[in-house]
2 protein chains.
Amino acid sequence: MVDVDERRLQLTDAAARLIARAGIGAATMREVAAEAGLTTGALTHYFADKRELLLHTFQASLDGRRSQRPIGEAVDARVALRSSLEGALPIDEGRRRHWMVTVAFCAQAAGDVELAAAQRDAYREFRRHVERLVVEAGIAPADDAGRVAEQLIAQADGIAMQALFDPASWPGARQLAMLRTMLTPLGL
Amino acid sequence: MVDVDERRLQLTDAAARLIARAGIGAATMREVAAEAGLTTGALTHYFADKRELLLHTFQASLDGRRSQRPIGEAVDARVALRSSLEGALPIDEGRRRHWMVTVAFCAQAAGDVELAAAQRDAYREFRRHVERLVVEAGIAPADDAGRVAEQLIAQADGIAMQALFDPASWPGARQLAMLRTMLTPLGL
DNA sequence: CCCGTTCTGGAACGTTCGTTATACATAACA
DNA sequence: TGTTATGTATAACGAACGTTCCAGAACGGG
């Protein structure tokens with residue numbers, strides 16, 4: 001009948017938009033449902049409770065980001081690596097939204113072991129992804145790729161943190177320029 | 001009669017502990033008052049509303065961090081610089097608490113221009129502080145110190161972001177080691 | 001076409017929130 | 001010491017929240 005996954009995405013997308021636009025406080029069950037053009041009856045039909053909605057919203061936002069990664073062996077590992085790191089910068093609406101969802105999720109994850117684990121695992125997955133690209137690109141020996149990956153991620157995230165609430169000082173071009181400045185010593 | 005500033009600190013400290021321990025959702029007016037050993041009557045006497053409490057909690061947490069900075073000309077600029085950057089790493093209870101407060105504050109700052117400005121200004125102040133130390137330490141020429149400061153802050157914050165919800169992978173020593181690895185190319 | 005399932009809207013429930021009001025204690029000052 | 005201002009506890013209020021419930025619409029299999 002109805003595509004369950006599509007409906008869920010419709011609802012988690014609405015939640016993400018709301019969180020990014022007006023903060024976690026504005027993302028009530030009623031408001032999320034309304035943003036999606038539905039009511040709480042439909043919302044509770046797809047998510048048992050608000051916590052589950054938030055968890056799925058975070059996961060869906062992650063999936064959305066992952067789907068933007070260059071895929072396959074078609075692209076050069078160096079290009080894929082730089083693209084993956086640029087994916088962590090809030091330089092457009094989608095990437096900014098993902099950061100806002102992540103921050104809101106982290107704020108909720110304090111004192112909630114399951115949510116904290118989700119955030120932790122998301123980071124670990126990203127680390128593995130970057131680490132693999134580092135190896136493929138031949139930037140670092142395999143036994144040191146993990147450290148290099150952590151370093152690269154730290155640099156991208158650090159720029160993102162500064163840029164998130166100071167977009168006037170950090171237009172997209174400046175974020176990208178700074179990331180490349182930090183990458184060039186590694187031959188990127 | 002009563003030291004107003006001390007009472008306010010007592011209350012904002014209670015709020016910060018609560019936020020770090022159980023998340024922003026647990027920081028209700030009643031809970032904050034109880035954590036401070038008081039009631040809502042006292043709480044509302046010192047803060048007009050919850051938003052003001054949150055803003056002051058963030059500012060008080062910032063002040064607490066700033067008070068840990070090495071002061072005066074007594075210390076070497078290089079030492080002060082490294083110490084300031086290490087202050088951004090969640091390697092003990094106080095620093096972790098400040099990060100949790102910051103994350104909670106950012107989650108609330110979406111869609112609230114005044115809160116967003118407070119977060120933005122906090123970053124800019126830290127940037128100026130680091131920039132000054134960069135110049136004093138002779139690490140970069142004055143016209144490039146800003147960029148270097150941003151880079152250093154980004155590296156520290158990036159480590160912090162990864163470490164916040166994965167303390168098992170990021171003991172304090174490892175955070176410090178990684179920060180020093182990133183600092184050595186600059187002669188620190 | 002009918003029946004059972006799935007899906008959705010809408011209202012209701014109990015709880016908890018931020019906030020306000022009030023009563024009482026305590027301290028400062030005349 | 002009487003009076004005023006200040007500090008705090010307690011209770012109450014209306015609003016909004018997450019959640020539950022139910023009626024009925026939409027749909028699919030027989």
# chains A, B, ... in the order shown; residues from 1 in each chain; ligands from 1
>>> interface_residues(of="chain A", to="chain B", cutoff="8 Å", atoms="only C-alpha atoms", output="ChimeraX atom specification")
/A:19-25,100,103-104,106-112,116-117,119-120,123,150-151,153-159,161-162,165-166,178,182
>>> closest_atom_pairs(of="chain B", to="chain C", cutoff="8 Å", atoms="only C-alpha atoms (C1' of nucleotides)", output="JSON lines")
{"residue": "B:Met1", "atom": "CA", "partner": "C:DA27", "partner_atom": "C1'", "distance": 6.6}
{"residue": "B:Thr28", "atom": "CA", "partner": "C:DC17", "partner_atom": "C1'", "distance": 7.7}
{"residue": "B:Met29", "atom": "CA", "partner": "C:DG18", "partner_atom": "C1'", "distance": 7.5}
{"residue": "B:Asp49", "atom": "CA", "partner": "C:DG18", "partner_atom": "C1'", "distance": 7.9}
{"residue": "B:Lys50", "atom": "CA", "partner": "C:DG18", "partner_atom": "C1'", "distance": 7.5}
>>> write_last_selection(atoms="C-alpha atoms", output="PDB file, in the first residue's frame")
ATOM      1  CA  MET B   1      22.826  40.438  52.395  1.00  0.00           C
ATOM      2  CA  THR B  28      14.077  21.936  33.937  1.00  0.00           C
ATOM      3  CA  MET B  29      13.552  24.856  36.288  1.00  0.00           C
ATOM      4  CA  ASP B  49      13.167  33.103  32.631  1.00  0.00           C
ATOM      5  CA  LYS B  50      14.682  29.872  31.438  1.00  0.00           C
TER       6      LYS B  50
END
>>> residues_around(residues="stretch 7-9 of chain D", least_positions_apart="2", cutoff="7 Å", atoms="only C-alpha atoms (C1' of nucleotides)", output="PDB file with C-alpha atoms, in the first residue's frame")
ATOM      1  CA  THR B  39      13.531  25.884  44.790  1.00  0.00           C
ATOM      2  CA  GLY B  41      11.222  30.623  43.966  1.00  0.00           C
ATOM      3  CA  ALA B  42      14.896  31.358  44.411  1.00  0.00           C
TER       4      ALA B  42
END
>>> interface_residues(of="chain D", to="chain A", cutoff="9 Å", atoms="only C-alpha atoms (C1' of nucleotides)", output="number ranges by chain")
D: 17-19, 27-28
>>> select_by_dssp(residues="stretch 7-90 of chain A", states="helix (DSSP H, G or I)", output="PDB file with N, CA and C atoms, in the first residue's frame")
ATOM      1  N   ARG A   7       7.566   7.090   3.643  1.00  0.00           N
ATOM      2  CA  ARG A   7       6.839   7.846   4.674  1.00  0.00           C
ATOM      3  C   ARG A   7       7.771   8.207   5.841  1.00  0.00           C
ATOM      4  N   ARG A   8       8.553   7.262   6.259  1.00  0.00           N
ATOM      5  CA  ARG A   8       9.479   7.532   7.360  1.00  0.00           C
ATOM      6  C   ARG A   8      10.451   8.638   6.988  1.00  0.00           C
ATOM      7  N   LEU A   9      10.934   8.579   5.760  1.00  0.00           N
ATOM      8  CA  LEU A   9      11.849   9.613   5.291  1.00  0.00           C
ATOM      9  C   LEU A   9      11.154  10.959   5.227  1.00  0.00           C
ATOM     10  N   GLN A  10       9.909  10.935   4.816  1.00  0.00           N
ATOM     11  CA  GLN A  10       9.121  12.174   4.780  1.00  0.00           C
ATOM     12  C   GLN A  10       9.041  12.800   6.173  1.00  0.00           C
ATOM     13  N   LEU A  11       8.874  11.949   7.175  1.00  0.00           N
ATOM     14  CA  LEU A  11       8.732  12.441   8.548  1.00  0.00           C
ATOM     15  C   LEU A  11      10.075  12.844   9.155  1.00  0.00           C
ATOM     16  N   THR A  12      11.100  12.048   8.946  1.00  0.00           N
ATOM     17  CA  THR A  12      12.413  12.407   9.494  1.00  0.00           C
ATOM     18  C   THR A  12      12.980  13.637   8.786  1.00  0.00           C
ATOM     19  N   ASP A  13      12.658  13.780   7.520  1.00  0.00           N
ATOM     20  CA  ASP A  13      13.081  14.990   6.801  1.00  0.00           C
ATOM     21  C   ASP A  13      12.410  16.223   7.384  1.00  0.00           C
ATOM     22  N   ALA A  14      11.138  16.089   7.688  1.00  0.00           N
ATOM     23  CA  ALA A  14      10.421  17.206   8.299  1.00  0.00           C
ATOM     24  C   ALA A  14      11.046  17.549   9.645  1.00  0.00           C
ATOM     25  N   ALA A  15      11.376  16.530  10.421  1.00  0.00           N
ATOM     26  CA  ALA A  15      12.000  16.762  11.724  1.00  0.00           C
ATOM     27  C   ALA A  15      13.339  17.476  11.552  1.00  0.00           C
ATOM     28  N   ALA A  16      14.122  17.025  10.574  1.00  0.00           N
ATOM     29  CA  ALA A  16      15.435  17.631  10.334  1.00  0.00           C
ATOM     30  C   ALA A  16      15.298  19.095   9.926  1.00  0.00           C
ATOM     31  N   ARG A  17      14.361  19.380   9.049  1.00  0.00           N
ATOM     32  CA  ARG A  17      14.143  20.771   8.633  1.00  0.00           C
ATOM     33  C   ARG A  17      13.783  21.633   9.832  1.00  0.00           C
ATOM     34  N   LEU A  18      12.888  21.113  10.659  1.00  0.00           N
ATOM     35  CA  LEU A  18      12.430  21.850  11.831  1.00  0.00           C
ATOM     36  C   LEU A  18      13.573  22.108  12.800  1.00  0.00           C
ATOM     37  N   ILE A  19      14.365  21.091  13.054  1.00  0.00           N
ATOM     38  CA  ILE A  19      15.496  21.221  13.977  1.00  0.00           C
ATOM     39  C   ILE A  19      16.480  22.261  13.466  1.00  0.00           C
ATOM     40  N   ALA A  20      16.768  22.201  12.174  1.00  0.00           N
ATOM     41  CA  ALA A  20      17.742  23.131  11.599  1.00  0.00           C
ATOM     42  C   ALA A  20      17.212  24.562  11.605  1.00  0.00           C
ATOM     43  N   ARG A  21      15.904  24.690  11.423  1.00  0.00           N
ATOM     44  CA  ARG A  21      15.317  26.018  11.279  1.00  0.00           C
ATOM     45  C   ARG A  21      15.043  26.676  12.621  1.00  0.00           C
ATOM     46  N   ALA A  22      14.559  25.900  13.580  1.00  0.00           N
ATOM     47  CA  ALA A  22      14.074  26.508  14.828  1.00  0.00           C
ATOM     48  C   ALA A  22      14.578  25.809  16.084  1.00  0.00           C
ATOM     49  N   ILE A  24      15.937  22.259  18.419  1.00  0.00           N
ATOM     50  CA  ILE A  24      15.347  21.013  18.887  1.00  0.00           C
ATOM     51  C   ILE A  24      14.066  21.245  19.662  1.00  0.00           C
ATOM     52  N   GLY A  25      13.973  22.395  20.297  1.00  0.00           N
ATOM     53  CA  GLY A  25      12.787  22.694  21.091  1.00  0.00           C
ATOM     54  C   GLY A  25      11.530  22.817  20.252  1.00  0.00           C
ATOM     55  N   ALA A  26      11.697  23.187  18.996  1.00  0.00           N
ATOM     56  CA  ALA A  26      10.545  23.374  18.121  1.00  0.00           C
ATOM     57  C   ALA A  26      10.091  22.068  17.483  1.00  0.00           C
ATOM     58  N   MET A  29       6.118  16.649  18.488  1.00  0.00           N
ATOM     59  CA  MET A  29       5.435  15.652  17.668  1.00  0.00           C
ATOM     60  C   MET A  29       4.437  16.319  16.714  1.00  0.00           C
ATOM     61  N   ARG A  30       3.674  17.243  17.253  1.00  0.00           N
ATOM     62  CA  ARG A  30       2.670  17.942  16.436  1.00  0.00           C
ATOM     63  C   ARG A  30       3.317  18.742  15.313  1.00  0.00           C
ATOM     64  N   GLU A  31       4.379  19.467  15.659  1.00  0.00           N
ATOM     65  CA  GLU A  31       5.036  20.327  14.672  1.00  0.00           C
ATOM     66  C   GLU A  31       5.697  19.498  13.573  1.00  0.00           C
ATOM     67  N   VAL A  32       6.328  18.398  13.961  1.00  0.00           N
ATOM     68  CA  VAL A  32       6.963  17.537  12.958  1.00  0.00           C
ATOM     69  C   VAL A  32       5.924  16.977  12.004  1.00  0.00           C
ATOM     70  N   ALA A  33       4.833  16.496  12.580  1.00  0.00           N
ATOM     71  CA  ALA A  33       3.767  15.940  11.741  1.00  0.00           C
ATOM     72  C   ALA A  33       3.226  17.002  10.787  1.00  0.00           C
ATOM     73  N   ALA A  34       2.997  18.201  11.318  1.00  0.00           N
ATOM     74  CA  ALA A  34       2.461  19.277  10.489  1.00  0.00           C
ATOM     75  C   ALA A  34       3.447  19.659   9.391  1.00  0.00           C
ATOM     76  N   GLU A  35       4.728  19.719   9.732  1.00  0.00           N
ATOM     77  CA  GLU A  35       5.759  20.061   8.746  1.00  0.00           C
ATOM     78  C   GLU A  35       5.766  19.046   7.602  1.00  0.00           C
ATOM     79  N   THR A  40      -0.358  13.730  14.123  1.00  0.00           N
ATOM     80  CA  THR A  40       0.333  12.848  15.063  1.00  0.00           C
ATOM     81  C   THR A  40      -0.118  11.390  14.905  1.00  0.00           C
ATOM     82  N   GLY A  41      -1.323  11.190  14.435  1.00  0.00           N
ATOM     83  CA  GLY A  41      -1.798   9.836  14.207  1.00  0.00           C
ATOM     84  C   GLY A  41      -0.900   9.080  13.257  1.00  0.00           C
ATOM     85  N   ALA A  42      -0.520   9.753  12.162  1.00  0.00           N
ATOM     86  CA  ALA A  42       0.381   9.116  11.194  1.00  0.00           C
ATOM     87  C   ALA A  42       1.786   8.986  11.778  1.00  0.00           C
ATOM     88  N   LEU A  43       2.207  10.024  12.468  1.00  0.00           N
ATOM     89  CA  LEU A  43       3.570  10.026  13.017  1.00  0.00           C
ATOM     90  C   LEU A  43       3.793   8.855  13.983  1.00  0.00           C
ATOM     91  N   THR A  44       2.868   8.688  14.903  1.00  0.00           N
ATOM     92  CA  THR A  44       3.026   7.603  15.890  1.00  0.00           C
ATOM     93  C   THR A  44       2.841   6.231  15.240  1.00  0.00           C
ATOM     94  N   HIS A  45       2.249   6.221  14.077  1.00  0.00           N
ATOM     95  CA  HIS A  45       2.104   4.945  13.371  1.00  0.00           C
ATOM     96  C   HIS A  45       3.437   4.449  12.842  1.00  0.00           C
ATOM     97  N   TYR A  46       4.362   5.349  12.604  1.00  0.00           N
ATOM     98  CA  TYR A  46       5.651   4.953  12.024  1.00  0.00           C
ATOM     99  C   TYR A  46       6.799   4.995  13.029  1.00  0.00           C
ATOM    100  N   LYS A  50       8.976   9.545  20.624  1.00  0.00           N
ATOM    101  CA  LYS A  50       9.764  10.667  20.137  1.00  0.00           C
ATOM    102  C   LYS A  50      11.256  10.310  20.056  1.00  0.00           C
ATOM    103  N   ARG A  51      11.689   9.531  21.005  1.00  0.00           N
ATOM    104  CA  ARG A  51      13.102   9.135  21.017  1.00  0.00           C
ATOM    105  C   ARG A  51      13.462   8.359  19.743  1.00  0.00           C
ATOM    106  N   GLU A  52      12.566   7.472  19.367  1.00  0.00           N
ATOM    107  CA  GLU A  52      12.789   6.693  18.142  1.00  0.00           C
ATOM    108  C   GLU A  52      12.777   7.603  16.913  1.00  0.00           C
ATOM    109  N   LEU A  53      11.893   8.583  16.934  1.00  0.00           N
ATOM    110  CA  LEU A  53      11.866   9.551  15.829  1.00  0.00           C
ATOM    111  C   LEU A  53      13.193  10.286  15.721  1.00  0.00           C
ATOM    112  N   LEU A  54      13.705  10.721  16.851  1.00  0.00           N
ATOM    113  CA  LEU A  54      14.967  11.464  16.837  1.00  0.00           C
ATOM    114  C   LEU A  54      16.121  10.580  16.361  1.00  0.00           C
ATOM    115  N   LEU A  55      16.144   9.368  16.850  1.00  0.00           N
ATOM    116  CA  LEU A  55      17.200   8.438  16.437  1.00  0.00           C
ATOM    117  C   LEU A  55      17.155   8.196  14.929  1.00  0.00           C
ATOM    118  N   HIS A  56      15.966   7.973  14.399  1.00  0.00           N
ATOM    119  CA  HIS A  56      15.830   7.740  12.961  1.00  0.00           C
ATOM    120  C   HIS A  56      16.129   9.002  12.157  1.00  0.00           C
ATOM    121  N   THR A  57      15.809  10.147  12.733  1.00  0.00           N
ATOM    122  CA  THR A  57      16.119  11.395  12.043  1.00  0.00           C
ATOM    123  C   THR A  57      17.627  11.549  11.887  1.00  0.00           C
ATOM    124  N   PHE A  58      18.335  11.226  12.944  1.00  0.00           N
ATOM    125  CA  PHE A  58      19.797  11.290  12.889  1.00  0.00           C
ATOM    126  C   PHE A  58      20.349  10.284  11.876  1.00  0.00           C
ATOM    127  N   GLN A  59      19.864   9.066  11.943  1.00  0.00           N
ATOM    128  CA  GLN A  59      20.342   8.027  11.027  1.00  0.00           C
ATOM    129  C   GLN A  59      20.026   8.381   9.574  1.00  0.00           C
ATOM    130  N   ALA A  60      18.821   8.916   9.355  1.00  0.00           N
ATOM    131  CA  ALA A  60      18.442   9.293   7.993  1.00  0.00           C
ATOM    132  C   ALA A  60      19.323  10.429   7.486  1.00  0.00           C
ATOM    133  N   SER A  61      19.653  11.352   8.371  1.00  0.00           N
ATOM    134  CA  SER A  61      20.525  12.458   7.976  1.00  0.00           C
ATOM    135  C   SER A  61      21.916  11.934   7.625  1.00  0.00           C
ATOM    136  N   LEU A  62      22.383  10.967   8.384  1.00  0.00           N
ATOM    137  CA  LEU A  62      23.662  10.325   8.077  1.00  0.00           C
ATOM    138  C   LEU A  62      23.609   9.637   6.718  1.00  0.00           C
ATOM    139  N   ASP A  63      22.547   8.890   6.493  1.00  0.00           N
ATOM    140  CA  ASP A  63      22.405   8.191   5.219  1.00  0.00           C
ATOM    141  C   ASP A  63      22.392   9.176   4.056  1.00  0.00           C
ATOM    142  N   GLY A  64      21.704  10.286   4.273  1.00  0.00           N
ATOM    143  CA  GLY A  64      21.665  11.299   3.231  1.00  0.00           C
ATOM    144  C   GLY A  64      23.045  11.809   2.874  1.00  0.00           C
ATOM    145  N   ARG A  65      23.871  12.007   3.898  1.00  0.00           N
ATOM    146  CA  ARG A  65      25.250  12.448   3.659  1.00  0.00           C
ATOM    147  C   ARG A  65      26.070  11.354   2.965  1.00  0.00           C
ATOM    148  N   ARG A  66      25.920  10.149   3.439  1.00  0.00           N
ATOM    149  CA  ARG A  66      26.698   9.033   2.857  1.00  0.00           C
ATOM    150  C   ARG A  66      26.355   8.827   1.388  1.00  0.00           C
ATOM    151  N   ALA A  77      40.986   8.121  -5.642  1.00  0.00           N
ATOM    152  CA  ALA A  77      40.864   8.089  -4.186  1.00  0.00           C
ATOM    153  C   ALA A  77      41.131   9.463  -3.577  1.00  0.00           C
ATOM    154  N   ARG A  78      42.053  10.203  -4.172  1.00  0.00           N
ATOM    155  CA  ARG A  78      42.334  11.542  -3.649  1.00  0.00           C
ATOM    156  C   ARG A  78      41.128  12.451  -3.805  1.00  0.00           C
ATOM    157  N   VAL A  79      40.480  12.361  -4.940  1.00  0.00           N
ATOM    158  CA  VAL A  79      39.271  13.172  -5.156  1.00  0.00           C
ATOM    159  C   VAL A  79      38.172  12.763  -4.191  1.00  0.00           C
ATOM    160  N   ALA A  80      38.007  11.459  -4.039  1.00  0.00           N
ATOM    161  CA  ALA A  80      36.972  10.965  -3.126  1.00  0.00           C
ATOM    162  C   ALA A  80      37.254  11.395  -1.700  1.00  0.00           C
ATOM    163  N   LEU A  81      38.511  11.375  -1.320  1.00  0.00           N
ATOM    164  CA  LEU A  81      38.886  11.771   0.035  1.00  0.00           C
ATOM    165  C   LEU A  81      38.569  13.239   0.282  1.00  0.00           C
ATOM    166  N   ARG A  82      39.002  14.078  -0.633  1.00  0.00           N
ATOM    167  CA  ARG A  82      38.738  15.501  -0.462  1.00  0.00           C
ATOM    168  C   ARG A  82      37.241  15.767  -0.464  1.00  0.00           C
ATOM    169  N   SER A  83      36.534  15.069  -1.306  1.00  0.00           N
ATOM    170  CA  SER A  83      35.079  15.243  -1.375  1.00  0.00           C
ATOM    171  C   SER A  83      34.409  14.809  -0.078  1.00  0.00           C
ATOM    172  N   SER A  84      34.894  13.719   0.503  1.00  0.00           N
ATOM    173  CA  SER A  84      34.307  13.243   1.755  1.00  0.00           C
ATOM    174  C   SER A  84      34.513  14.239   2.880  1.00  0.00           C
ATOM    175  N   LEU A  85      35.704  14.823   2.922  1.00  0.00           N
ATOM    176  CA  LEU A  85      35.982  15.799   3.971  1.00  0.00           C
ATOM    177  C   LEU A  85      35.183  17.084   3.760  1.00  0.00           C
ATOM    178  N   GLU A  86      35.062  17.468   2.494  1.00  0.00           N
ATOM    179  CA  GLU A  86      34.248  18.649   2.203  1.00  0.00           C
ATOM    180  C   GLU A  86      32.789  18.404   2.572  1.00  0.00           C
TER     181      GLU A  86
END
>>> decode(residues="chain C", atoms="C-alpha atoms (C1' of nucleotides)", output="PDB file, in the first residue's frame")
ATOM      1  C1'  DC C   1     -18.261  -6.855  -3.564  1.00  0.00           C
ATOM      2  C1'  DC C   2     -17.005  -7.748   0.996  1.00  0.00           C
ATOM      3  C1'  DC C   3     -13.934  -8.356   4.749  1.00  0.00           C
ATOM      4  C1'  DG C   4      -9.741  -7.695   7.187  1.00  0.00           C
ATOM      5  C1'  DT C   5      -5.768  -4.988   7.343  1.00  0.00           C
ATOM      6  C1'  DT C   6      -3.392  -0.844   6.944  1.00  0.00           C
ATOM      7  C1'  DC C   7      -3.299   3.947   7.299  1.00  0.00           C
ATOM      8  C1'  DT C   8      -4.641   8.586   8.919  1.00  0.00           C
ATOM      9  C1'  DG C   9      -7.097  12.387  11.346  1.00  0.00           C
ATOM     10  C1'  DG C  10      -8.701  14.214  15.386  1.00  0.00           C
ATOM     11  C1'  DA C  11      -9.657  14.390  19.893  1.00  0.00           C
ATOM     12  C1'  DA C  12      -8.776  13.279  24.558  1.00  0.00           C
ATOM     13  C1'  DC C  13      -5.827  12.120  28.700  1.00  0.00           C
ATOM     14  C1'  DG C  14      -2.619  12.653  32.194  1.00  0.00           C
ATOM     15  C1'  DT C  15       1.695  14.729  33.040  1.00  0.00           C
ATOM     16  C1'  DT C  16       5.016  18.154  33.244  1.00  0.00           C
ATOM     17  C1'  DC C  17       6.616  22.374  31.931  1.00  0.00           C
ATOM     18  C1'  DG C  18       7.586  27.566  32.587  1.00  0.00           C
ATOM     19  C1'  DT C  19       5.713  30.976  34.928  1.00  0.00           C
ATOM     20  C1'  DT C  20       3.200  33.635  38.399  1.00  0.00           C
ATOM     21  C1'  DA C  21       1.331  34.643  42.843  1.00  0.00           C
ATOM     22  C1'  DT C  22       1.437  34.515  47.672  1.00  0.00           C
ATOM     23  C1'  DA C  23       3.046  33.858  52.330  1.00  0.00           C
ATOM     24  C1'  DC C  24       6.662  33.942  55.406  1.00  0.00           C
ATOM     25  C1'  DA C  25      11.289  34.486  56.939  1.00  0.00           C
ATOM     26  C1'  DT C  26      15.322  37.232  57.381  1.00  0.00           C
ATOM     27  C1'  DA C  27      18.238  41.113  57.105  1.00  0.00           C
ATOM     28  C1'  DA C  28      19.102  46.236  56.828  1.00  0.00           C
ATOM     29  C1'  DC C  29      18.067  50.583  58.336  1.00  0.00           C
ATOM     30  C1'  DA C  30      15.585  54.296  60.647  1.00  0.00           C
TER      31       DA C  30
END
